[in-house]
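Chemist: You'll find work-v4.txt just under this line, and it carries compact mmCIF, C-alpha atoms.
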```txt
# COMPACT_ATOMS: atom_id res chain seq x y z
CA MET A 1123 0.00 0.00 0.00
CA LEU A 1124 2.67 2.48 1.01
CA HIS A 1125 4.83 1.45 -1.91
CA ALA A 1126 2.07 2.37 -4.30
CA ALA A 1127 1.47 5.63 -2.50
CA SER A 1128 5.14 6.53 -2.62
CA GLU A 1129 5.06 6.53 -6.40
CA GLY A 1130 3.08 9.73 -6.27
CA GLU A 1131 4.78 13.07 -6.07
CA GLY A 1132 3.25 13.99 -2.70
CA PHE A 1133 4.54 11.14 -0.56
CA HIS A 1134 8.13 11.16 0.61
CA ALA A 1135 9.21 8.19 2.69
CA PRO A 1136 11.66 8.85 5.55
CA SER A 1137 15.30 8.09 4.91
CA ILE A 1138 18.69 8.34 6.59
CA THR A 1139 19.03 11.89 5.25
CA ASP A 1140 16.50 12.97 7.91
CA PHE A 1141 19.27 12.55 10.47
CA PHE A 1142 21.70 14.79 8.58
CA PRO A 1143 19.75 18.01 7.91
CA PRO A 1144 21.36 20.93 6.05
CA ALA A 1145 23.80 23.09 7.98
CA ILE A 1146 22.52 26.36 9.39
CA LEU A 1147 25.89 27.84 10.39
CA PHE A 1148 29.57 26.94 9.99
CA GLU A 1149 28.98 24.33 7.29
CA GLY A 1150 31.84 21.90 6.79
CA THR A 1151 33.56 22.69 10.10
CA ILE A 1152 33.63 20.87 13.44
CA PHE A 1153 31.37 23.65 14.76
CA GLN A 1154 28.63 23.01 12.19
CA ILE A 1155 25.17 23.81 13.52
CA ASP A 1156 22.10 22.07 12.14
CA ARG A 1157 18.58 21.31 13.32
CA ILE A 1158 19.58 18.34 15.48
CA TRP A 1159 22.25 20.46 17.17
CA ILE A 1160 19.58 23.03 18.01
CA VAL A 1161 17.24 20.29 19.27
CA ARG A 1162 19.97 19.12 21.65
CA VAL A 1163 20.60 22.63 22.93
CA ILE A 1164 16.88 23.13 23.56
CA ALA A 1165 16.73 19.83 25.46
CA VAL A 1166 19.68 20.81 27.65
CA VAL A 1167 18.27 24.28 28.38
CA VAL A 1168 14.85 22.89 29.29
CA LEU A 1169 16.33 20.14 31.47
CA LEU A 1170 18.60 22.56 33.33
CA THR A 1171 15.73 25.01 33.78
CA ILE A 1172 13.52 22.30 35.28
CA MET A 1173 16.25 21.18 37.67
CA VAL A 1174 17.13 24.72 38.75
CA LEU A 1175 13.48 25.57 39.36
CA ALA A 1176 13.05 22.35 41.34
CA ALA A 1177 16.08 23.16 43.49
CA ARG A 1178 15.09 26.78 44.12
CA ARG A 1179 11.49 25.95 44.94
CA ALA A 1180 12.30 22.99 47.17
CA ARG A 1181 10.14 22.95 50.31
CA LEU A 1182 9.96 20.77 53.38
CA VAL A 1183 6.41 19.90 52.32
CA PRO A 1184 6.79 19.34 48.57
CA GLY A 1185 4.22 20.28 45.98
CA ARG A 1186 3.34 18.25 42.90
CA PHE A 1187 6.23 19.53 40.81
CA GLN A 1188 8.78 18.84 43.52
CA ASN A 1189 7.22 15.45 44.20
CA ALA A 1190 7.54 14.44 40.55
CA ILE A 1191 11.22 15.45 40.38
CA GLU A 1192 12.05 13.78 43.69
CA LEU A 1193 10.25 10.63 42.58
CA LEU A 1194 12.48 10.39 39.50
CA LEU A 1195 15.62 11.20 41.47
CA ASP A 1196 14.79 8.55 44.07
CA PHE A 1197 14.03 6.06 41.32
CA VAL A 1198 17.50 6.47 39.83
CA ARG A 1199 19.23 6.43 43.20
CA VAL A 1200 17.37 3.51 44.76
CA GLN A 1201 16.11 1.34 41.90
CA ILE A 1202 19.18 1.66 39.68
CA VAL A 1203 22.39 2.70 41.44
CA GLU A 1204 21.83 1.32 44.94
CA GLU A 1205 20.19 -1.81 43.58
CA ILE A 1206 23.27 -2.57 41.48
CA MET A 1207 26.13 -1.24 43.61
CA GLY A 1208 24.81 -1.23 47.15
CA LYS A 1209 24.38 1.91 49.24
CA GLU A 1210 28.03 2.36 50.13
CA ASN A 1211 29.40 2.36 46.59
CA ALA A 1212 26.33 4.06 45.14
CA ARG A 1213 27.00 7.39 46.86
CA ARG A 1214 29.99 8.06 44.62
CA PHE A 1215 28.14 7.43 41.38
CA VAL A 1216 24.58 8.67 41.96
CA PRO A 1217 25.36 12.13 40.45
CA MET A 1218 26.88 10.59 37.32
CA ILE A 1219 24.16 8.00 36.71
CA THR A 1220 21.42 10.54 37.47
CA THR A 1221 22.93 12.94 34.93
CA ILE A 1222 23.08 10.18 32.33
CA PHE A 1223 19.49 9.08 32.98
CA PHE A 1224 17.98 12.56 32.73
CA ALA A 1225 20.13 13.56 29.76
CA VAL A 1226 19.17 10.48 27.74
CA LEU A 1227 15.51 10.88 28.72
CA ALA A 1228 15.45 14.55 27.70
CA PHE A 1229 17.18 13.92 24.37
CA ASN A 1230 14.90 10.95 23.63
CA LEU A 1231 11.70 12.90 24.33
CA THR A 1232 12.53 15.62 21.81
CA GLY A 1233 11.55 13.16 19.09
CA LEU A 1234 7.93 13.35 20.29
CA ILE A 1235 7.65 17.13 20.68
CA PRO A 1236 5.94 18.96 17.78
CA GLY A 1237 8.30 21.39 16.14
CA LEU A 1238 11.37 19.43 17.20
CA ASN A 1239 10.37 15.98 15.90
CA MET A 1240 13.83 14.50 16.25
CA ALA A 1241 15.47 12.72 19.16
CA GLY A 1242 18.78 14.28 20.12
CA THR A 1243 20.08 10.73 20.52
CA ALA A 1244 19.09 9.70 16.98
CA ARG A 1245 22.60 10.59 15.83
CA VAL A 1246 25.54 8.84 17.43
CA GLY A 1247 27.40 11.85 18.87
CA ILE A 1248 25.62 12.21 22.21
CA PRO A 1249 25.26 8.45 22.87
CA LEU A 1250 28.94 7.98 22.04
CA VAL A 1251 30.05 10.75 24.41
CA LEU A 1252 27.99 9.27 27.24
CA ALA A 1253 29.28 5.76 26.50
CA LEU A 1254 32.89 6.99 26.53
CA TRP A 1255 32.20 8.70 29.86
CA VAL A 1256 31.12 5.34 31.26
CA LEU A 1257 34.15 3.62 29.67
CA VAL A 1258 36.63 6.06 31.22
CA THR A 1259 34.84 5.84 34.56
CA TYR A 1260 34.88 2.07 34.90
CA TRP A 1261 38.52 1.89 33.81
CA ALA A 1262 39.47 4.61 36.29
CA VAL A 1263 37.45 2.97 39.07
CA GLY A 1264 38.90 -0.47 38.35
CA ILE A 1265 42.49 0.79 38.29
CA LYS A 1266 41.99 2.77 41.49
CA GLN A 1267 40.36 -0.21 43.21
CA HIS A 1268 42.78 -2.95 42.12
CA GLY A 1269 45.79 -1.18 40.62
CA PHE A 1270 46.53 -1.26 36.90
CA GLY A 1271 47.91 -4.80 36.90
CA GLY A 1272 45.20 -6.11 39.19
CA TYR A 1273 42.43 -4.60 37.09
CA LEU A 1274 43.85 -6.05 33.87
CA LYS A 1275 44.23 -9.44 35.55
CA ASN A 1276 40.64 -9.41 36.84
CA SER A 1277 39.27 -8.20 33.52
CA LEU A 1278 41.30 -10.23 31.04
CA PHE A 1279 42.06 -13.44 32.94
CA PRO A 1280 38.87 -14.70 34.63
CA PRO A 1281 39.68 -17.27 37.35
CA GLY A 1282 38.89 -20.94 37.03
CA ILE A 1283 39.70 -21.26 33.33
CA PRO A 1284 42.42 -23.64 32.03
CA ALA A 1285 45.49 -21.68 30.95
CA PRO A 1286 45.34 -22.56 27.20
CA ILE A 1287 41.78 -21.24 27.01
CA TYR A 1288 43.07 -17.76 27.86
CA LEU A 1289 44.36 -17.57 24.29
CA ILE A 1290 40.71 -17.35 23.26
CA VAL A 1291 39.12 -15.73 26.30
CA THR A 1292 41.59 -12.87 26.89
CA PRO A 1293 41.19 -11.20 23.44
CA ILE A 1294 37.41 -11.48 23.80
CA GLU A 1295 37.52 -9.93 27.27
CA LEU A 1296 39.76 -7.12 25.97
CA LEU A 1297 37.29 -6.39 23.20
CA GLN A 1298 34.50 -6.41 25.76
CA VAL A 1299 36.02 -3.86 28.15
CA LEU A 1300 37.28 -1.59 25.36
CA ILE A 1301 34.63 -1.82 22.64
CA ILE A 1302 31.67 -4.09 23.29
CA ARG A 1303 30.47 -2.46 26.52
CA PRO A 1304 30.50 1.17 25.27
CA ALA A 1305 29.17 0.04 21.89
CA SER A 1306 26.30 -1.78 23.59
CA LEU A 1307 25.33 1.50 25.22
CA ALA A 1308 25.66 3.79 22.21
CA ILE A 1309 24.41 1.55 19.39
CA ARG A 1310 21.34 0.28 21.25
CA LEU A 1311 20.23 3.83 22.02
CA VAL A 1312 20.85 5.19 18.52
CA ALA A 1313 19.18 2.23 16.82
CA ASN A 1314 16.02 2.54 18.89
CA MET A 1315 15.72 6.29 18.32
CA VAL A 1316 16.37 5.98 14.57
CA ALA A 1317 13.79 3.22 14.21
CA GLY A 1318 11.23 5.16 16.22
CA HIS A 1319 11.68 8.32 14.14
CA ILE A 1320 11.35 6.42 10.88
CA MET A 1321 8.14 4.69 11.98
CA LEU A 1322 6.55 7.93 13.19
CA VAL A 1323 7.47 9.87 10.06
CA LEU A 1324 6.27 7.03 7.88
CA CYS A 1325 2.87 6.91 9.58
CA PHE A 1326 2.22 10.65 9.65
CA ALA A 1327 3.64 11.35 6.19
CA ALA A 1328 1.41 8.60 4.81
CA THR A 1329 -1.55 10.08 6.68
CA GLN A 1330 -0.97 13.49 5.14
CA TYR A 1331 -0.66 11.98 1.70
CA PHE A 1332 -3.77 9.80 1.93
CA VAL A 1333 -5.97 12.54 3.43
CA PHE A 1334 -4.90 15.51 1.33
CA GLU A 1335 -3.35 14.23 -1.90
CA ALA A 1336 -4.39 10.65 -2.68
CA VAL A 1337 -7.28 9.75 -4.93
CA PRO A 1338 -10.65 9.53 -3.10
CA ALA A 1339 -10.63 5.73 -3.10
CA MET A 1340 -7.47 5.72 -0.99
CA LYS A 1341 -8.35 8.44 1.54
CA ALA A 1342 -9.78 5.93 4.01
CA PHE A 1343 -6.30 4.50 4.45
CA GLY A 1344 -5.42 7.77 6.19
CA VAL A 1345 -7.45 6.66 9.20
CA LEU A 1346 -5.34 3.54 9.54
CA THR A 1347 -2.02 5.35 9.20
CA LEU A 1348 -3.14 8.05 11.65
CA ALA A 1349 -4.13 5.37 14.17
CA GLY A 1350 -0.77 3.70 13.61
CA GLY A 1351 1.01 7.01 14.19
CA LEU A 1352 -0.79 7.59 17.49
CA VAL A 1353 0.00 4.06 18.66
CA PHE A 1354 3.66 4.46 17.73
CA THR A 1355 3.75 7.81 19.52
CA LEU A 1356 2.69 6.14 22.77
CA PHE A 1357 5.11 3.31 22.11
CA GLU A 1358 7.96 5.75 21.51
CA LEU A 1359 7.17 7.47 24.80
CA LEU A 1360 7.66 4.12 26.51
CA VAL A 1361 10.84 3.44 24.52
CA ALA A 1362 12.27 6.87 25.39
CA ALA A 1363 11.91 6.18 29.12
CA LEU A 1364 13.00 2.55 28.79
CA GLN A 1365 16.19 3.42 26.91
CA ALA A 1366 17.13 6.01 29.53
CA TYR A 1367 16.61 3.34 32.20
CA ILE A 1368 18.62 0.70 30.31
CA PHE A 1369 21.50 3.10 29.63
CA ALA A 1370 21.71 4.10 33.30
CA LEU A 1371 21.30 0.49 34.43
CA LEU A 1372 24.07 -0.86 32.19
CA ALA A 1373 26.36 2.02 33.15
CA SER A 1374 25.87 1.06 36.80
CA VAL A 1375 26.48 -2.62 36.03
CA TYR A 1376 29.72 -1.92 34.16
CA ILE A 1377 31.07 0.33 36.91
CA ASN A 1378 30.10 -2.21 39.54
CA ILE A 1379 31.95 -4.95 37.64
CA ALA A 1380 35.10 -2.82 37.85
CA LEU A 1381 34.65 -2.54 41.62
CA GLU A 1382 34.32 -6.26 42.23
CA GLU A 1383 37.29 -8.31 43.34
CA GLU A 1384 36.72 -10.97 40.71
CA HIS A 1385 34.53 -10.95 37.61
```
Could you take the file, read its structure, and then write that structure out as structure tokens?

Modeler:
Amino acid sequence: MLHAASEGEGFHAPSITDFFPPAILFEGTIFQIDRIWIVRVIAVVVLLTIMVLAARRARLVPGRFQNAIELLLDFVRVQIVEEIMGKENARRFVPMITTIFFAVLAFNLTGLIPGLNMAGTARVGIPLVLALWVLVTYWAVGIKQHGFGGYLKNSLFPPGIPAPIYLIVTPIELLQVLIIRPASLAIRLVANMVAGHIMLVLCFAATQYFVFEAVPAMKAFGVLTLAGGLVFTLFELLVAALQAYIFALLASVYINIALEEEH
């Protein structure tokens, strides 16, 4: 159905070019500004504004706004960081994991806001920066906890394995601590946001085409694509929150692995 519709001049299916919009300023330089860059800045400004307002308006008897913020903060602290690391270790990393959770959530939600319509995490830059932050942190924590040699031994030479098997296991473990763990954070997030954007654009672009441009016999299909778009919008809201949770959870797990005596 959509293939037939796309043959008309009015329907334009989403493509990877959506994630690389034309430059607005400084084209061709490392400071290039485009629409996604602006979306990210807006997300950061809004998030910081919300947090500053919550801090300045904090009361002993909280109102609804303060309750909502504190509920999310407690969720990250208790259900993610303390659940994974325990209370003693969690204190050191609550600020970092909380920052990651709220940043990913804010950038994800921009894909559902009219006028922005693009997740700030739908391009790999932000997810990669956050993943590298986690990578540097768990290496630094592991080296501080066990010493450089001790951390490498724990990470690359798991106990209880016959010595010849290390020829296979050690390169795999090295790839895991250097590449696989940060890649699992960044790629999962980007892939989900890209897929969500494509599905939403596909549904709503098809709706516009069927309702306003298609021949009368095909206009009824617009109801189906609109319904699909609304369903995917709700689903993307769930995915946005879930991906923030998974990113924060895995970051906590990886850091906790570096703290353990043996892993």

Chemist: Output, as lines of an AutoDock Vina configuration file, the centre and edge lengths in Å (one decimal) of the axis-aligned box that contains all listed atoms of segment 1273-1291 of chain A with 5 Å of margin on each side.

Modeler:
```
center_x = 42.2
center_y = -14.1
center_z = 30.3
size_x = 16.6
size_y = 29.0
size_z = 24.1
```

Chemist: Rank A:Leu1182, A:Ile1202, A:Leu1311, A:Ala1228 by their smallest atom-to-atom distance to Ala1244 of chain A, using only C-alpha atoms, and report the top residue only.

Modeler: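 Selected residue with least distance to Ala1244 of chain A: A:Leu1311.
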
Chemist: Can you tell me, as a PyMOL selection string, what residues are no more than 12 Å from Leu1147 of chain A when counting all atoms listed in the file, ignoring any on the same chain fewer than 6 positions away?

Modeler: chain A and resi 1153-1157+1159-1160

Chemist: Name all residues at most 12 Å from segment 1342-1348 of chain A (count only C-alpha atoms; drop same-chain ones fewer than 3 positions away) and give them as a PyMOL selection string.

Modeler: chain A and resi 1123-1124+1127+1321-1339+1351-1355

Chemist: Could you tell me how far atom CA of Ala1380 of chain A sits from atom CA of Trp1261 of chain A, in Å to one decimal place?

Modeler: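 That distance, rounded to one decimal, is 7.1 Å.
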
Chemist: Please indicate the distance in Å from atom CA of Gln1201 of chain A to atom CA of Leu1371 of chain A, rounded to one decimal place.

Modeler: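 These atoms are spaced 9.1 Å apart.
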
Chemist: Quick one: pull the distance between atom CA of Gly1237 of chain A and atom CA of Val1361 of chain A, Å, one decimal.

Modeler: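 Result for atom CA of Gly1237 of chain A versus atom CA of Val1361 of chain A: 20.0 Å, one decimal.
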
Chemist: Which residues, written as a list in words, have at least one atom at most 8 Å from segment 1164-1166 of chain A, with all atoms listed in the file counted and residues fewer than 4 positions away on the same chain left out?

Modeler: Ile1160, Leu1170, Ala1225, Ala1228, Phe1229, Thr1232 and Gly1242 of chain A

Chemist: Pull C-alpha atoms from the residues just selected and write them as a PDB file, in the frame of the given file.

Modeler:
```pdb
ATOM      1  CA  ILE A1160      19.580  23.030  18.010  1.00  0.00           C
ATOM      2  CA  LEU A1170      18.600  22.560  33.330  1.00  0.00           C
ATOM      3  CA  ALA A1225      20.130  13.560  29.760  1.00  0.00           C
ATOM      4  CA  ALA A1228      15.450  14.550  27.700  1.00  0.00           C
ATOM      5  CA  PHE A1229      17.180  13.920  24.370  1.00  0.00           C
ATOM      6  CA  THR A1232      12.530  15.620  21.810  1.00  0.00           C
ATOM      7  CA  GLY A1242      18.780  14.280  20.120  1.00  0.00           C
TER       8      GLY A1242
END
```

Chemist: Do a neighbour search on Ala1176 of chain A at 9 Å with all atoms listed in the file, toss out local chain neighbours closer than 6 positions, and write the hits as a ChimeraX atom specification.

Modeler: /A:1187-1188,1191-1192

Chemist: Closest to Ala1145 of chain A among A:Ile1265, A:Ile1158, A:Ala1317, A:Leu1372, using only C-alpha atoms?

Modeler: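 Among the listed residues, A:Ile1158 lies closest to Ala1145 of chain A.
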
Chemist: Return the single residue from A:Ala1349, A:Leu1289, A:Val1263, A:Met1340 that is closest to Arg1214 of chain A, with distances computed using only C-alpha atoms.

Modeler: A:Val1263

Chemist: So which one's closest to Ile1301 of chain A, A:Val1174, A:Val1258, A:Val1163, A:Ala1363? Using all atoms listed in the file, please.

Modeler: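 Residue with the minimum atom-to-atom distance to Ile1301 of chain A: A:Val1258.
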
Chemist: When distances are computed from only C-alpha atoms, which of A:His1319, A:Glu1358, A:Glu1149, A:Gly1350 shows the smallest separation from Ser1137 of chain A?

Modeler: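 Smallest separation from Ser1137 of chain A among the options: A:His1319.
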
Chemist: Is it possible to get the residues within 8 Å of (12.1, 12.5, 16.8) (coordinates as in the file, counting all atoms listed in the file) written as JSON, numbers by chain?

Modeler: {"A": [1230, 1231, 1232, 1233, 1234, 1235, 1238, 1239, 1240, 1241, 1242, 1244, 1315, 1318, 1319]}

Chemist: Give me a file of those residues, with C-alpha atoms, as a CSV table (one decimal), keeping the file's coordinate frame.

Modeler:
```
chain,number,residue,atom,x,y,z
A,1230,ASN,CA,14.9,11.0,23.6
A,1231,LEU,CA,11.7,12.9,24.3
A,1232,THR,CA,12.5,15.6,21.8
A,1233,GLY,CA,11.6,13.2,19.1
A,1234,LEU,CA,7.9,13.4,20.3
A,1235,ILE,CA,7.6,17.1,20.7
A,1238,LEU,CA,11.4,19.4,17.2
A,1239,ASN,CA,10.4,16.0,15.9
A,1240,MET,CA,13.8,14.5,16.2
A,1241,ALA,CA,15.5,12.7,19.2
A,1242,GLY,CA,18.8,14.3,20.1
A,1244,ALA,CA,19.1,9.7,17.0
A,1315,MET,CA,15.7,6.3,18.3
A,1318,GLY,CA,11.2,5.2,16.2
A,1319,HIS,CA,11.7,8.3,14.1
```

Chemist: When you get a chance, write out N, CA and C atoms for segment 1281-1297 of chain A, as a CSV table (one decimal), in the coordinates of the input.

Modeler:
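Here's the written file out15.csv:
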```csv
chain,number,residue,atom,x,y,z
A,1281,PRO,N,39.2,-16.1,36.6
A,1281,PRO,CA,39.7,-17.3,37.4
A,1281,PRO,C,38.9,-18.5,37.0
A,1282,GLY,N,39.6,-19.7,37.2
A,1282,GLY,CA,38.9,-20.9,37.0
A,1282,GLY,C,38.9,-21.5,35.6
A,1283,ILE,N,39.7,-20.8,34.7
A,1283,ILE,CA,39.7,-21.3,33.3
A,1283,ILE,C,41.1,-21.9,33.1
A,1284,PRO,N,41.1,-23.0,32.4
A,1284,PRO,CA,42.4,-23.6,32.0
A,1284,PRO,C,43.3,-22.7,31.2
A,1285,ALA,N,44.6,-22.7,31.5
A,1285,ALA,CA,45.5,-21.7,31.0
A,1285,ALA,C,45.4,-21.6,29.4
A,1286,PRO,N,45.4,-22.7,28.7
A,1286,PRO,CA,45.3,-22.6,27.2
A,1286,PRO,C,44.1,-21.8,26.7
A,1287,ILE,N,43.0,-21.9,27.4
A,1287,ILE,CA,41.8,-21.2,27.0
A,1287,ILE,C,41.9,-19.7,27.0
A,1288,TYR,N,42.9,-19.2,27.8
A,1288,TYR,CA,43.1,-17.8,27.9
A,1288,TYR,C,43.4,-17.2,26.5
A,1289,LEU,N,44.0,-18.0,25.6
A,1289,LEU,CA,44.4,-17.6,24.3
A,1289,LEU,C,43.1,-17.1,23.5
A,1290,ILE,N,42.0,-17.7,23.9
A,1290,ILE,CA,40.7,-17.4,23.3
A,1290,ILE,C,40.0,-16.3,24.1
A,1291,VAL,N,39.9,-16.6,25.4
A,1291,VAL,CA,39.1,-15.7,26.3
A,1291,VAL,C,39.7,-14.3,26.4
A,1292,THR,N,41.0,-14.2,26.6
A,1292,THR,CA,41.6,-12.9,26.9
A,1292,THR,C,41.3,-11.8,25.8
A,1293,PRO,N,41.5,-12.2,24.5
A,1293,PRO,CA,41.2,-11.2,23.4
A,1293,PRO,C,39.7,-10.8,23.4
A,1294,ILE,N,38.8,-11.8,23.7
A,1294,ILE,CA,37.4,-11.5,23.8
A,1294,ILE,C,37.1,-10.5,25.0
A,1295,GLU,N,37.7,-10.8,26.1
A,1295,GLU,CA,37.5,-9.9,27.3
A,1295,GLU,C,38.1,-8.5,27.0
A,1296,LEU,N,39.2,-8.4,26.3
A,1296,LEU,CA,39.8,-7.1,26.0
A,1296,LEU,C,38.8,-6.3,25.1
A,1297,LEU,N,38.3,-7.0,24.1
A,1297,LEU,CA,37.3,-6.4,23.2
A,1297,LEU,C,36.1,-5.9,24.0
```
